[in-house]
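Novice: Next up, entry.cif (mmCIF, C-alpha atoms and all ligand atoms).
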```cif
data_structure
loop_
_atom_site.label_atom_id
_atom_site.label_comp_id
_atom_site.auth_asym_id
_atom_site.auth_seq_id
_atom_site.Cartn_x
_atom_site.Cartn_y
_atom_site.Cartn_z
CA MET A 1 41.72 -123.91 -33.01
CA SER A 2 40.31 -125.83 -30.05
CA ASP A 3 40.37 -125.37 -26.28
CA THR A 4 43.81 -126.05 -24.80
CA ARG A 5 42.31 -127.10 -21.43
CA GLN A 6 41.10 -130.27 -23.12
CA PRO A 7 43.38 -133.30 -22.77
CA PRO A 8 45.84 -133.91 -25.62
CA ALA A 9 44.31 -135.54 -28.68
CA VAL A 10 46.47 -138.65 -28.20
CA LEU A 11 44.63 -139.12 -24.86
CA GLY A 12 41.19 -138.57 -26.37
CA GLY A 13 40.85 -134.75 -26.55
CA ALA A 14 39.94 -132.85 -29.70
CA PRO A 15 42.95 -132.18 -31.96
CA ILE A 16 44.14 -128.59 -32.13
CA TYR A 17 44.64 -128.74 -35.90
CA PRO A 18 41.89 -131.10 -37.10
CA ALA A 19 42.69 -130.45 -40.77
CA GLY A 20 45.91 -132.42 -40.22
CA PRO A 21 48.99 -132.37 -42.44
CA PRO A 22 48.26 -131.27 -46.02
CA ASP A 23 48.71 -133.74 -48.87
CA TRP A 24 51.85 -133.82 -50.95
CA PRO A 25 52.55 -133.50 -53.83
CA LEU A 26 50.09 -130.76 -54.74
CA MET A 27 47.97 -131.19 -57.84
CA ASP A 28 48.56 -127.74 -59.33
CA PRO A 29 46.75 -126.78 -62.55
CA GLU A 30 50.20 -126.73 -64.22
CA ILE A 31 50.74 -130.37 -63.26
CA GLU A 32 47.26 -131.34 -64.45
CA GLN A 33 48.02 -129.70 -67.78
CA VAL A 34 51.30 -131.60 -68.08
CA PHE A 35 49.51 -134.91 -67.44
CA ALA A 36 46.85 -134.04 -70.05
CA GLU A 37 49.58 -133.24 -72.59
CA LEU A 38 51.52 -136.41 -71.75
CA ILE A 39 48.41 -138.45 -72.49
CA GLN A 40 47.61 -136.54 -75.65
CA THR A 41 51.11 -136.82 -77.10
CA GLY A 42 51.87 -140.31 -75.80
CA ASP A 43 55.09 -138.92 -74.30
CA TRP A 44 54.28 -140.56 -70.98
CA GLY A 45 55.27 -143.92 -72.43
CA ARG A 46 58.32 -142.99 -74.51
CA TYR A 47 61.96 -143.78 -73.81
CA ARG A 48 63.14 -140.48 -75.26
CA GLY A 49 61.62 -137.13 -75.99
CA PRO A 50 61.89 -133.44 -75.30
CA HIS A 51 61.13 -133.40 -71.55
CA GLY A 52 64.43 -134.80 -70.23
CA ASP A 53 66.38 -132.35 -72.43
CA ARG A 54 64.24 -129.45 -71.21
CA LEU A 55 64.68 -130.40 -67.56
CA ARG A 56 68.46 -130.75 -68.00
CA SER A 57 68.60 -127.28 -69.57
CA ALA A 58 66.37 -125.79 -66.88
CA LEU A 59 68.46 -127.31 -64.07
CA LYS A 60 71.67 -126.02 -65.68
CA GLU A 61 70.22 -122.56 -66.08
CA TYR A 62 68.76 -122.50 -62.55
CA HIS A 63 72.03 -123.56 -60.94
CA GLY A 64 74.32 -121.80 -63.42
CA CYS A 65 76.30 -124.98 -64.14
CA ARG A 66 77.65 -126.79 -67.18
CA HIS A 67 76.18 -130.25 -66.59
CA ALA A 68 73.01 -131.75 -65.14
CA HIS A 69 72.68 -135.53 -65.20
CA LEU A 70 69.20 -136.93 -64.53
CA CYS A 71 68.86 -140.24 -62.69
CA SER A 72 66.46 -142.49 -60.83
CA SER A 73 66.84 -141.21 -57.23
CA GLY A 74 68.84 -139.06 -54.85
CA THR A 75 70.45 -142.26 -53.62
CA ALA A 76 71.59 -143.10 -57.17
CA ALA A 77 72.77 -139.49 -57.57
CA VAL A 78 74.98 -139.77 -54.46
CA GLU A 79 76.53 -142.97 -55.83
CA LEU A 80 77.15 -141.32 -59.20
CA ALA A 81 78.76 -138.31 -57.51
CA LEU A 82 81.04 -140.58 -55.46
CA ARG A 83 82.02 -142.46 -58.61
CA ALA A 84 82.47 -139.20 -60.54
CA VAL A 85 85.06 -137.92 -58.08
CA GLY A 86 86.81 -141.29 -58.25
CA VAL A 87 85.97 -142.94 -54.91
CA ARG A 88 87.24 -146.53 -54.95
CA GLU A 89 87.84 -149.45 -52.63
CA GLY A 90 90.06 -148.52 -49.68
CA ASP A 91 89.47 -144.76 -49.98
CA GLU A 92 87.98 -142.69 -47.19
CA VAL A 93 85.08 -140.24 -47.49
CA VAL A 94 84.53 -137.76 -44.67
CA MET A 95 80.90 -137.10 -43.75
CA SER A 96 78.69 -136.12 -40.83
CA ALA A 97 77.81 -138.73 -38.20
CA TYR A 98 74.22 -137.51 -38.58
CA ASP A 99 73.15 -137.93 -42.20
CA PHE A 100 70.82 -139.85 -44.49
CA LYS A 101 71.56 -143.55 -44.06
CA ALA A 102 71.98 -144.28 -47.78
CA ASN A 103 74.84 -141.77 -47.98
CA PHE A 104 76.82 -143.97 -45.60
CA THR A 105 75.74 -147.14 -47.44
CA ASN A 106 76.72 -145.72 -50.82
CA ILE A 107 80.26 -145.09 -49.60
CA ALA A 108 80.48 -148.54 -48.02
CA MET A 109 79.11 -150.24 -51.17
CA LEU A 110 82.01 -148.79 -53.15
CA GLY A 111 84.38 -150.48 -50.70
CA ALA A 112 85.33 -147.12 -49.19
CA ILE A 113 85.29 -146.16 -45.52
CA PRO A 114 82.98 -143.43 -44.16
CA VAL A 115 84.88 -141.20 -41.73
CA LEU A 116 82.33 -139.75 -39.34
CA ILE A 117 82.66 -136.35 -37.71
CA ASP A 118 80.56 -134.78 -35.00
CA LEU A 119 77.98 -131.97 -35.18
CA ARG A 120 78.19 -128.39 -34.00
CA PRO A 121 76.43 -127.98 -30.65
CA ASP A 122 74.50 -124.89 -31.78
CA ASP A 123 72.82 -125.93 -35.04
CA TRP A 124 73.51 -129.69 -35.24
CA GLN A 125 75.08 -129.40 -38.68
CA VAL A 126 78.41 -131.09 -39.37
CA ASP A 127 81.19 -129.44 -37.35
CA VAL A 128 83.56 -128.14 -40.03
CA ASP A 129 86.13 -127.28 -37.33
CA GLN A 130 86.68 -131.05 -37.02
CA LEU A 131 87.17 -131.60 -40.74
CA GLU A 132 90.93 -131.03 -40.89
CA ASN A 133 91.53 -133.58 -38.17
CA ALA A 134 89.45 -136.16 -40.05
CA ILE A 135 91.27 -135.76 -43.36
CA GLY A 136 94.07 -138.24 -43.95
CA GLU A 137 96.13 -139.67 -46.79
CA LYS A 138 93.27 -141.90 -47.91
CA THR A 139 90.64 -139.11 -48.03
CA LYS A 140 89.15 -139.08 -51.52
CA ALA A 141 86.14 -136.82 -50.95
CA VAL A 142 84.14 -134.87 -48.41
CA LEU A 143 80.36 -135.28 -48.46
CA VAL A 144 78.40 -132.38 -47.01
CA THR A 145 74.65 -132.48 -46.33
CA HIS A 146 72.62 -129.48 -45.15
CA LEU A 147 69.78 -130.70 -42.97
CA HIS A 148 66.51 -129.59 -41.38
CA GLY A 149 66.83 -125.82 -41.94
CA GLY A 150 70.52 -125.68 -41.01
CA LEU A 151 73.29 -124.83 -43.46
CA VAL A 152 76.91 -125.95 -43.53
CA ASP A 153 79.65 -123.31 -43.85
CA LEU A 154 80.87 -124.28 -47.31
CA GLU A 155 83.39 -121.43 -47.51
CA GLN A 156 85.19 -123.04 -44.60
CA VAL A 157 84.85 -126.51 -46.18
CA ARG A 158 86.33 -125.25 -49.47
CA ALA A 159 89.15 -123.45 -47.67
CA ILE A 160 90.17 -126.80 -46.16
CA CYS A 161 89.53 -129.03 -49.19
CA GLU A 162 90.68 -126.93 -52.16
CA PRO A 163 94.38 -126.62 -51.25
CA ARG A 164 94.47 -130.39 -50.67
CA GLY A 165 92.71 -131.18 -53.96
CA ILE A 166 89.88 -132.99 -52.17
CA PRO A 167 86.54 -132.77 -54.02
CA VAL A 168 83.43 -131.68 -52.10
CA ILE A 169 80.09 -133.38 -52.80
CA GLU A 170 77.15 -131.23 -51.72
CA ASP A 171 73.92 -133.10 -50.94
CA ILE A 172 71.00 -130.70 -51.45
CA CYS A 173 68.27 -133.37 -51.43
CA GLN A 174 66.57 -131.49 -48.57
CA LEU A 175 66.90 -127.90 -49.76
CA GLU A 176 66.71 -127.35 -53.48
CA GLY A 177 66.40 -123.60 -54.08
CA ALA A 178 68.27 -122.51 -50.93
CA ARG A 179 71.13 -120.01 -50.97
CA ILE A 180 74.36 -120.54 -49.08
CA GLN A 181 76.92 -117.74 -48.68
CA GLY A 182 75.79 -116.06 -51.86
CA ARG A 183 75.68 -119.23 -53.97
CA ILE A 184 72.71 -121.27 -55.07
CA ALA A 185 72.61 -124.56 -53.12
CA GLY A 186 74.35 -127.34 -55.03
CA MET A 187 77.07 -125.08 -56.37
CA GLY A 188 78.98 -124.75 -53.11
CA GLY A 189 81.20 -127.76 -53.76
CA ASP A 190 82.52 -129.57 -56.84
CA ILE A 191 79.42 -131.63 -57.48
CA GLY A 192 75.83 -131.37 -56.20
CA VAL A 193 73.17 -134.01 -55.62
CA LEU A 194 69.37 -133.56 -55.84
CA SER A 195 66.42 -135.83 -55.04
CA PHE A 196 63.00 -135.80 -56.70
CA GLY A 197 61.48 -138.37 -54.32
CA GLY A 198 57.73 -138.34 -53.67
CA SER A 199 57.93 -136.31 -50.47
CA LYS A 200 60.56 -133.85 -51.70
CA LEU A 201 60.26 -130.15 -52.56
CA LEU A 202 60.53 -131.13 -56.25
CA SER A 203 58.57 -134.38 -56.53
CA ALA A 204 58.33 -136.94 -59.28
CA GLY A 205 57.60 -139.91 -57.02
CA ARG A 206 61.21 -140.95 -57.59
CA GLY A 207 64.17 -139.34 -59.31
CA GLY A 208 67.38 -137.42 -58.81
CA ALA A 209 70.07 -135.38 -60.49
CA VAL A 210 73.78 -134.64 -60.32
CA ILE A 211 74.99 -131.12 -61.16
CA THR A 212 78.56 -130.04 -61.77
CA ASN A 213 80.83 -127.72 -63.73
CA SER A 214 83.41 -130.44 -64.21
CA ASP A 215 83.60 -132.01 -67.68
CA GLU A 216 85.69 -134.81 -66.21
CA TYR A 217 83.10 -135.73 -63.57
CA GLN A 218 80.31 -135.61 -66.13
CA GLN A 219 82.29 -137.83 -68.46
CA ARG A 220 82.82 -140.42 -65.71
CA ILE A 221 79.09 -140.45 -64.98
CA THR A 222 78.31 -140.88 -68.68
CA ILE A 223 80.79 -143.74 -69.04
CA PHE A 224 79.41 -145.47 -65.94
CA THR A 225 75.70 -145.09 -66.77
CA GLU A 226 75.64 -145.43 -70.58
CA ARG A 227 75.60 -149.14 -71.34
CA GLY A 228 73.74 -148.98 -74.61
CA ASN A 229 70.93 -148.13 -72.23
CA ASP A 230 70.88 -145.71 -69.29
CA LEU A 231 71.62 -147.55 -66.02
CA SER A 232 69.44 -145.40 -63.75
CA PRO A 233 67.18 -143.25 -65.91
CA LEU A 234 64.63 -140.58 -65.12
CA SER A 235 61.58 -141.09 -67.35
CA GLU A 236 60.14 -138.53 -69.76
CA MET A 237 56.98 -138.53 -67.65
CA GLN A 238 58.95 -137.66 -64.51
CA ALA A 239 60.96 -134.95 -66.27
CA ALA A 240 57.78 -133.38 -67.62
CA ILE A 241 56.15 -132.98 -64.21
CA LEU A 242 59.32 -131.59 -62.64
CA LEU A 243 59.60 -128.66 -65.05
CA PRO A 244 56.66 -126.59 -63.73
CA GLN A 245 57.75 -127.32 -60.16
CA LEU A 246 61.21 -125.92 -60.86
CA GLN A 247 59.56 -122.78 -62.22
CA GLN A 248 57.55 -122.43 -58.99
CA LEU A 249 60.44 -123.24 -56.69
CA ASP A 250 61.64 -119.71 -55.82
CA GLN A 251 58.16 -118.45 -55.06
CA ARG A 252 57.43 -121.47 -52.84
CA THR A 253 60.80 -121.22 -51.10
CA LYS A 254 59.89 -117.65 -50.13
CA ILE A 255 56.50 -118.69 -48.76
CA ARG A 256 58.10 -121.49 -46.73
CA LEU A 257 60.70 -119.13 -45.33
CA ASP A 258 58.00 -116.70 -44.33
CA THR A 259 55.69 -119.24 -42.67
CA ALA A 260 58.66 -120.84 -40.88
CA GLN A 261 59.64 -117.39 -39.51
CA ARG A 262 56.10 -116.98 -38.19
CA LEU A 263 56.40 -120.36 -36.47
CA PHE A 264 59.72 -119.37 -34.89
CA ALA A 265 58.14 -116.15 -33.60
CA GLU A 266 55.35 -118.20 -31.96
CA LEU A 267 57.93 -120.50 -30.37
CA GLU A 268 60.21 -117.67 -29.19
CA THR A 269 59.30 -118.13 -25.52
CA CYS A 270 58.83 -121.89 -25.73
CA ALA A 271 61.50 -123.81 -23.78
CA GLY A 272 62.75 -127.18 -24.96
CA LEU A 273 62.02 -126.92 -28.68
CA PRO A 274 64.54 -124.57 -30.33
CA PRO A 275 64.35 -124.69 -34.13
CA ILE A 276 67.49 -125.43 -36.12
CA ARG A 277 68.49 -122.19 -37.83
CA THR A 278 71.38 -120.65 -39.68
CA ASN A 279 73.30 -117.45 -39.16
CA LEU A 280 75.52 -117.74 -42.23
CA ARG A 281 75.68 -114.48 -44.17
CA ASP A 282 73.86 -114.04 -47.49
CA SER A 283 72.04 -117.35 -46.99
CA PHE A 284 68.59 -118.82 -46.59
CA PRO A 285 67.58 -122.46 -46.12
CA GLY A 286 65.06 -124.49 -48.09
CA TYR A 287 62.66 -126.24 -45.80
CA TYR A 288 62.06 -129.87 -46.68
CA LYS A 289 61.89 -130.27 -42.91
CA VAL A 290 61.99 -127.75 -40.11
CA GLY A 291 64.25 -129.31 -37.50
CA PHE A 292 64.07 -128.91 -33.72
CA GLN A 293 66.53 -129.73 -30.93
CA TYR A 294 64.08 -131.37 -28.56
CA ASP A 295 64.99 -131.28 -24.88
CA PRO A 296 63.03 -133.89 -22.87
CA SER A 297 64.01 -132.28 -19.56
CA GLU A 298 61.79 -129.31 -20.44
CA PHE A 299 58.86 -131.70 -20.90
CA ASN A 300 59.09 -133.62 -17.66
CA GLY A 301 61.22 -136.36 -19.23
CA LEU A 302 58.74 -137.08 -22.03
CA SER A 303 60.70 -138.93 -24.70
CA ARG A 304 61.02 -137.57 -28.20
CA ASP A 305 58.90 -140.45 -29.55
CA GLN A 306 56.13 -139.73 -27.04
CA PHE A 307 56.24 -136.01 -27.89
CA SER A 308 56.08 -136.85 -31.60
CA GLN A 309 53.05 -139.13 -31.15
CA ALA A 310 51.27 -136.38 -29.24
CA MET A 311 52.03 -133.72 -31.90
CA ILE A 312 50.87 -136.01 -34.72
CA ALA A 313 47.59 -136.61 -32.88
CA GLU A 314 47.14 -132.82 -32.61
CA GLY A 315 47.40 -132.64 -36.43
CA PHE A 316 51.08 -131.69 -36.95
CA ALA A 317 53.49 -133.95 -38.87
CA VAL A 318 56.35 -133.82 -36.36
CA HIS A 319 58.52 -136.92 -36.55
CA PRO A 320 61.83 -138.13 -35.11
CA GLY A 321 64.86 -137.29 -37.30
CA PHE A 322 67.48 -139.69 -38.63
CA ARG A 323 69.41 -142.19 -36.53
CA SER A 324 73.03 -141.13 -36.14
CA LEU A 325 75.17 -143.36 -38.31
CA HIS A 326 77.53 -144.60 -35.59
CA LYS A 327 74.48 -145.79 -33.64
CA ILE A 328 73.23 -148.08 -36.40
CA HIS A 329 76.46 -149.36 -37.95
CA SER A 330 79.14 -151.62 -36.61
CA LYS A 331 82.40 -149.85 -35.64
CA ARG A 332 84.17 -151.98 -38.25
CA ARG A 333 82.36 -150.17 -41.05
CA TYR A 334 83.49 -146.59 -40.30
CA ARG A 335 86.27 -144.55 -38.72
CA ALA A 336 85.58 -141.83 -36.15
CA PRO A 337 88.68 -139.77 -35.36
CA ALA A 338 87.01 -137.99 -32.41
CA PRO A 339 84.09 -138.61 -30.03
CA LEU A 340 80.61 -138.12 -31.51
CA ARG A 341 78.92 -136.58 -28.47
CA VAL A 342 76.62 -134.12 -30.21
CA ALA A 343 75.62 -136.80 -32.73
CA ASP A 344 74.66 -138.97 -29.72
CA LEU A 345 72.31 -136.21 -28.65
CA ALA A 346 70.93 -135.66 -32.16
CA ASP A 347 70.28 -139.40 -32.48
CA GLU A 348 67.82 -139.15 -29.61
CA ASN A 349 66.48 -135.64 -29.90
CA VAL A 350 66.05 -134.34 -33.45
CA LEU A 351 62.44 -133.69 -34.35
CA VAL A 352 61.34 -132.61 -37.83
CA LEU A 353 58.20 -130.92 -39.12
CA HIS A 354 57.35 -132.01 -42.67
CA HIS A 355 57.20 -129.17 -45.21
CA PRO A 356 53.69 -129.21 -46.82
CA ILE A 357 52.15 -127.21 -43.95
CA LEU A 358 54.63 -124.41 -44.69
CA LEU A 359 52.60 -123.54 -47.79
CA GLU A 360 49.42 -123.15 -45.70
CA GLN A 361 48.51 -119.50 -45.20
CA SER A 362 46.10 -120.10 -42.28
CA ASP A 363 47.36 -119.26 -38.80
CA TRP A 364 48.49 -122.80 -37.99
CA GLN A 365 51.58 -121.53 -36.17
CA THR A 366 49.53 -120.39 -33.16
CA GLY A 367 47.96 -123.85 -32.96
CA PHE A 368 51.40 -125.45 -33.18
CA ALA A 369 52.61 -123.46 -30.18
CA GLN A 370 49.36 -124.28 -28.33
CA ALA A 371 49.89 -127.98 -29.02
CA VAL A 372 53.42 -127.77 -27.58
CA ASP A 373 52.07 -126.00 -24.47
CA LYS A 374 49.33 -128.55 -24.06
CA ILE A 375 51.83 -131.41 -24.25
CA ARG A 376 53.98 -129.73 -21.62
CA GLN A 377 50.95 -129.16 -19.40
CA PHE A 378 49.82 -132.80 -19.66
CA SER A 379 53.30 -134.33 -19.73
CA ASP A 380 52.64 -136.42 -16.58
CA ASP A 381 49.74 -138.18 -18.28
CA LEU A 382 51.63 -138.54 -21.55
CA LEU A 383 54.51 -140.38 -19.87
CA SER A 384 52.30 -143.47 -19.94
CA LEU A 385 52.34 -143.54 -23.77
CA ALA A 386 54.19 -146.50 -25.24
CA GLU A 387 57.62 -145.52 -26.60
CA ILE A 388 56.82 -146.45 -30.16
CA PRO A 389 58.59 -144.31 -32.77
CA PRO A 390 55.83 -142.93 -35.01
CA LYS A 391 55.91 -144.37 -38.52
CA ASN A 392 57.47 -142.11 -41.10
CA ASP A 393 57.79 -143.09 -44.74
CA ARG A 394 58.97 -139.64 -45.76
CA ASN A 395 62.64 -139.88 -44.86
C1 LIG B 401 69.87 -135.82 -47.33
C2 LIG B 401 69.39 -136.86 -48.29
N1 LIG B 401 70.24 -137.37 -49.19
C3 LIG B 401 69.85 -138.30 -50.07
C4 LIG B 401 68.56 -138.75 -50.10
C5 LIG B 401 68.18 -139.81 -51.08
O1 LIG B 401 67.17 -139.41 -51.95
P1 LIG B 401 66.14 -140.47 -52.59
O2 LIG B 401 65.08 -140.74 -51.57
O3 LIG B 401 65.63 -139.78 -53.82
O4 LIG B 401 66.92 -141.69 -52.93
C6 LIG B 401 67.64 -138.27 -49.17
C7 LIG B 401 66.25 -138.73 -49.14
O5 LIG B 401 65.48 -138.41 -48.30
C8 LIG B 401 68.06 -137.29 -48.24
O6 LIG B 401 67.23 -136.78 -47.32
#
```
Could you spell out this file's structure in structure tokens?
Ligand SMILES: Cc1ncc(COP(=O)(O)O)c(C=O)c1O
Specialist:
Amino acid sequence: MSDTRQPPAVLGGAPIYPAGPPDWPLMDPEIEQVFAELIQTGDWGRYRGPHGDRLRSALKEYHGCRHAHLCSSGTAAVELALRAVGVREGDEVVMSAYDFKANFTNIAMLGAIPVLIDLRPDDWQVDVDQLENAIGEKTKAVLVTHLHGGLVDLEQVRAICEPRGIPVIEDICQLEGARIQGRIAGMGGDIGVLSFGGSKLLSAGRGGAVITNSDEYQQRITIFTERGNDLSPLSEMQAAILLPQLQQLDQRTKIRLDTAQRLFAELETCAGLPPIRTNLRDSFPGYYKVGFQYDPSEFNGLSRDQFSQAMIAEGFAVHPGFRSLHKIHSKRRYRAPAPLRVADLADENVLVLHHPILLEQSDWQTGFAQAVDKIRQFSDDLLSLAEIPPKNDRN
């Protein structure tokens, strides 16, 4: 680690973590072996074969569910889940005002209306206390997404939705392998959605899955996707490289939890950058991103984008989070039964650290805290940085 009296790297100093963010996905020996076998057998180029069946079985066993449907992306999986629970034109789907953009778009593309609810002030996850107020006669489903190291209280969500017969879709695209109130993530609602995108914890470049115990939902997905050909398939090649990653998932989740805890310990006394955490019982997150509630007032008014640029230059992949959905969509496209004040704040102040560094066993956490201190110390100089949101192609 370098001298913190030097100017920040974005202003010409030496970066604190010159190694920079690690590559992803990792080329494990297990993956190399799969590629060698795919070439040898020719399975890489086949429509059908054993790999998709094996992955389906492994996902069912891992999640303890009856059905696992493989598809081409998490985005496709969300659409299939919405269709499976019967969302149609004119229906309403309740979701968080801070979520992945395509979740909103998927609802709108079905002719349904997203009903946006605000976040909890403490962990910036969807505020389940506001759910009842958002549910109306037209509510067809509730879509819940756990984000950035936070977890949504699904027991509370089920207690509201079950008596009303409203299905819960659980988006676990950012935390495969997590545990929420004693259940494996994805099994906390009626149907779960996974992503195997290139930056994700389980990566196949692209890909997704829908998991459920409902025969009816599975049947609807089959009817919608089977057209003599699969509408949004996952290839044999993709399925093959996901299998060893699923086997490694629990071990890697543990390492990520441990390295994230070490980071939180380093940041304990650091004002203005509290990590998003959970205090749900019998639970642990899966870290696709470690989220932070950035507070510019603790950094002399330095904007989140300026802070992010400075952290990236120091060697840490810290990017702005999502845009809140009511900030990027016309009011005509959604309903918001109550003000979205915390989502306003999240829109401007979520920062996320990308996961690959969480598998690094070196003491990068000390350097991370040093980089934050350095940015605070040089905040006056950094205020001159252009307010350009750093590029992020990793969602
Ligand atoms: C919460 C969430 N849901 C859904 C998706 C969509 O997944 P995909 O990129 O595989 O389409 C993403 C992707 O980042 C996501 O973060």
Novice: Select, from A:Phe224, A:Phe35, A:Tyr17, A:Phe378, the residue with the minimum atom-to-atom distance to Leu302 of chain A, counting only C-alpha atoms.
Specialist: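 Distance minimum relative to Leu302 of chain A lands on A:Phe378.
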Novice: Pick the closest to ligand LIG 401 (chain B) from A:Asn392, A:Gln306, A:Ser384, A:Gln370: which is it, counting all atoms listed in the file?
Specialist: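 Among the listed residues, A:Asn392 lies closest to ligand LIG 401 (chain B).
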Novice: Neighbours of His319 of chain A within 12 Å (only C-alpha atoms; same-chain residues fewer than 5 positions away dropped), as an MDAnalysis selection string?
Specialist: chainID A and resid 148 289:292 294 304:313 348:355 388:395
Novice: Within 7 Å of ligand LIG 401 (chain B), counting all atoms listed in the file, which protein or nucleic acid residues do you find, written as an MDAnalysis selection string?
Specialist: chainID A and resid 73:76 78 99:100 102:103 145 147 171:174 195:197 206:208 395
Novice: Those selected residues, please, written with C-alpha atoms and delivered as a CSV table (one decimal), keeping the file's coordinate frame.
Specialist:
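File produced: result15.csv:
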```csv
chain,number,residue,atom,x,y,z
A,73,SER,CA,66.8,-141.2,-57.2
A,74,GLY,CA,68.8,-139.1,-54.8
A,75,THR,CA,70.4,-142.3,-53.6
A,76,ALA,CA,71.6,-143.1,-57.2
A,78,VAL,CA,75.0,-139.8,-54.5
A,99,ASP,CA,73.2,-137.9,-42.2
A,100,PHE,CA,70.8,-139.8,-44.5
A,102,ALA,CA,72.0,-144.3,-47.8
A,103,ASN,CA,74.8,-141.8,-48.0
A,145,THR,CA,74.6,-132.5,-46.3
A,147,LEU,CA,69.8,-130.7,-43.0
A,171,ASP,CA,73.9,-133.1,-50.9
A,172,ILE,CA,71.0,-130.7,-51.4
A,173,CYS,CA,68.3,-133.4,-51.4
A,174,GLN,CA,66.6,-131.5,-48.6
A,195,SER,CA,66.4,-135.8,-55.0
A,196,PHE,CA,63.0,-135.8,-56.7
A,197,GLY,CA,61.5,-138.4,-54.3
A,206,ARG,CA,61.2,-141.0,-57.6
A,207,GLY,CA,64.2,-139.3,-59.3
A,208,GLY,CA,67.4,-137.4,-58.8
A,395,ASN,CA,62.6,-139.9,-44.9
```
Novice: From the options A:Ala108, A:Val168, A:Leu82, A:Leu26, which residue's atoms come nearest to Ser203 of chain A, counting all atoms listed in the file?
Specialist: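 For Ser203 of chain A, the nearest of the candidates is A:Leu26.
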Novice: Between A:Gln293, A:Gln6, A:Ser232, A:Thr259, which has the minimum distance to Leu80 of chain A (counting all atoms listed in the file)?
Specialist: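 Once distances to Leu80 of chain A are computed over all atoms listed in the file, the minimum belongs to A:Ser232.
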Novice: Check the smallest atom-to-atom distance from each of A:Val144, A:Ile16, A:Leu345, A:Leu243 to Leu55 of chain A using all atoms listed in the file, then report the winner.
Specialist: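 Comparing A:Val144, A:Ile16, A:Leu345, A:Leu243 against Leu55 of chain A, the winner is A:Leu243.
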Novice: Could you work out how far atom CA of Glu236 of chain A lies from atom CA of Gln251 of chain A, giving the answer in Å with one decimal?
Specialist: 25.0 Å
Novice: At most 9 Å from (95.1, -131.6, -48.9), file frame, only C-alpha atoms: which residues, as a ChimeraX atom specification?
Specialist: /A:135-137,139,160-166
Novice: Rounded to one decimal place, report the atom CA of Ala14 of chain A-atom CA of Ala317 of chain A distance in Å.
Specialist: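 Computed distance, atom CA of Ala14 of chain A to atom CA of Ala317 of chain A, equals 16.4 Å.
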Novice: Choose the residue, out of A:Ser235, A:Thr278, A:Ser297, A:Ser362, that has the smallest atom-to-atom separation from Gly52 of chain A; count all atoms listed in the file.
Specialist: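 Looking at the shortest contact to Gly52 of chain A, the residue is A:Ser235.
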Novice: Just to confirm, what's the straight-line distance from atom CA of Phe104 of chain A to atom CA of Leu325 of chain A in Å (one decimal)?
Specialist: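 A separation of 7.5 Å between them.
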Novice: Give me the residues near Arg262 of chain A as a short mmCIF file (atom, residue, chain, number, x, y, z; two decimals) with C-alpha atoms, in the frame of the given file, where near means some atom within 9 Å (using only C-alpha atoms) and where sequence neighbours in that chain fewer than 5 positions away do not count.
Specialist:
```cif
data_model
loop_
_atom_site.label_atom_id
_atom_site.label_comp_id
_atom_site.auth_asym_id
_atom_site.auth_seq_id
_atom_site.Cartn_x
_atom_site.Cartn_y
_atom_site.Cartn_z
CA LEU A 257 60.70 -119.13 -45.33
CA LEU A 267 57.93 -120.50 -30.37
CA GLN A 365 51.58 -121.53 -36.17
CA THR A 366 49.53 -120.39 -33.16
#
```
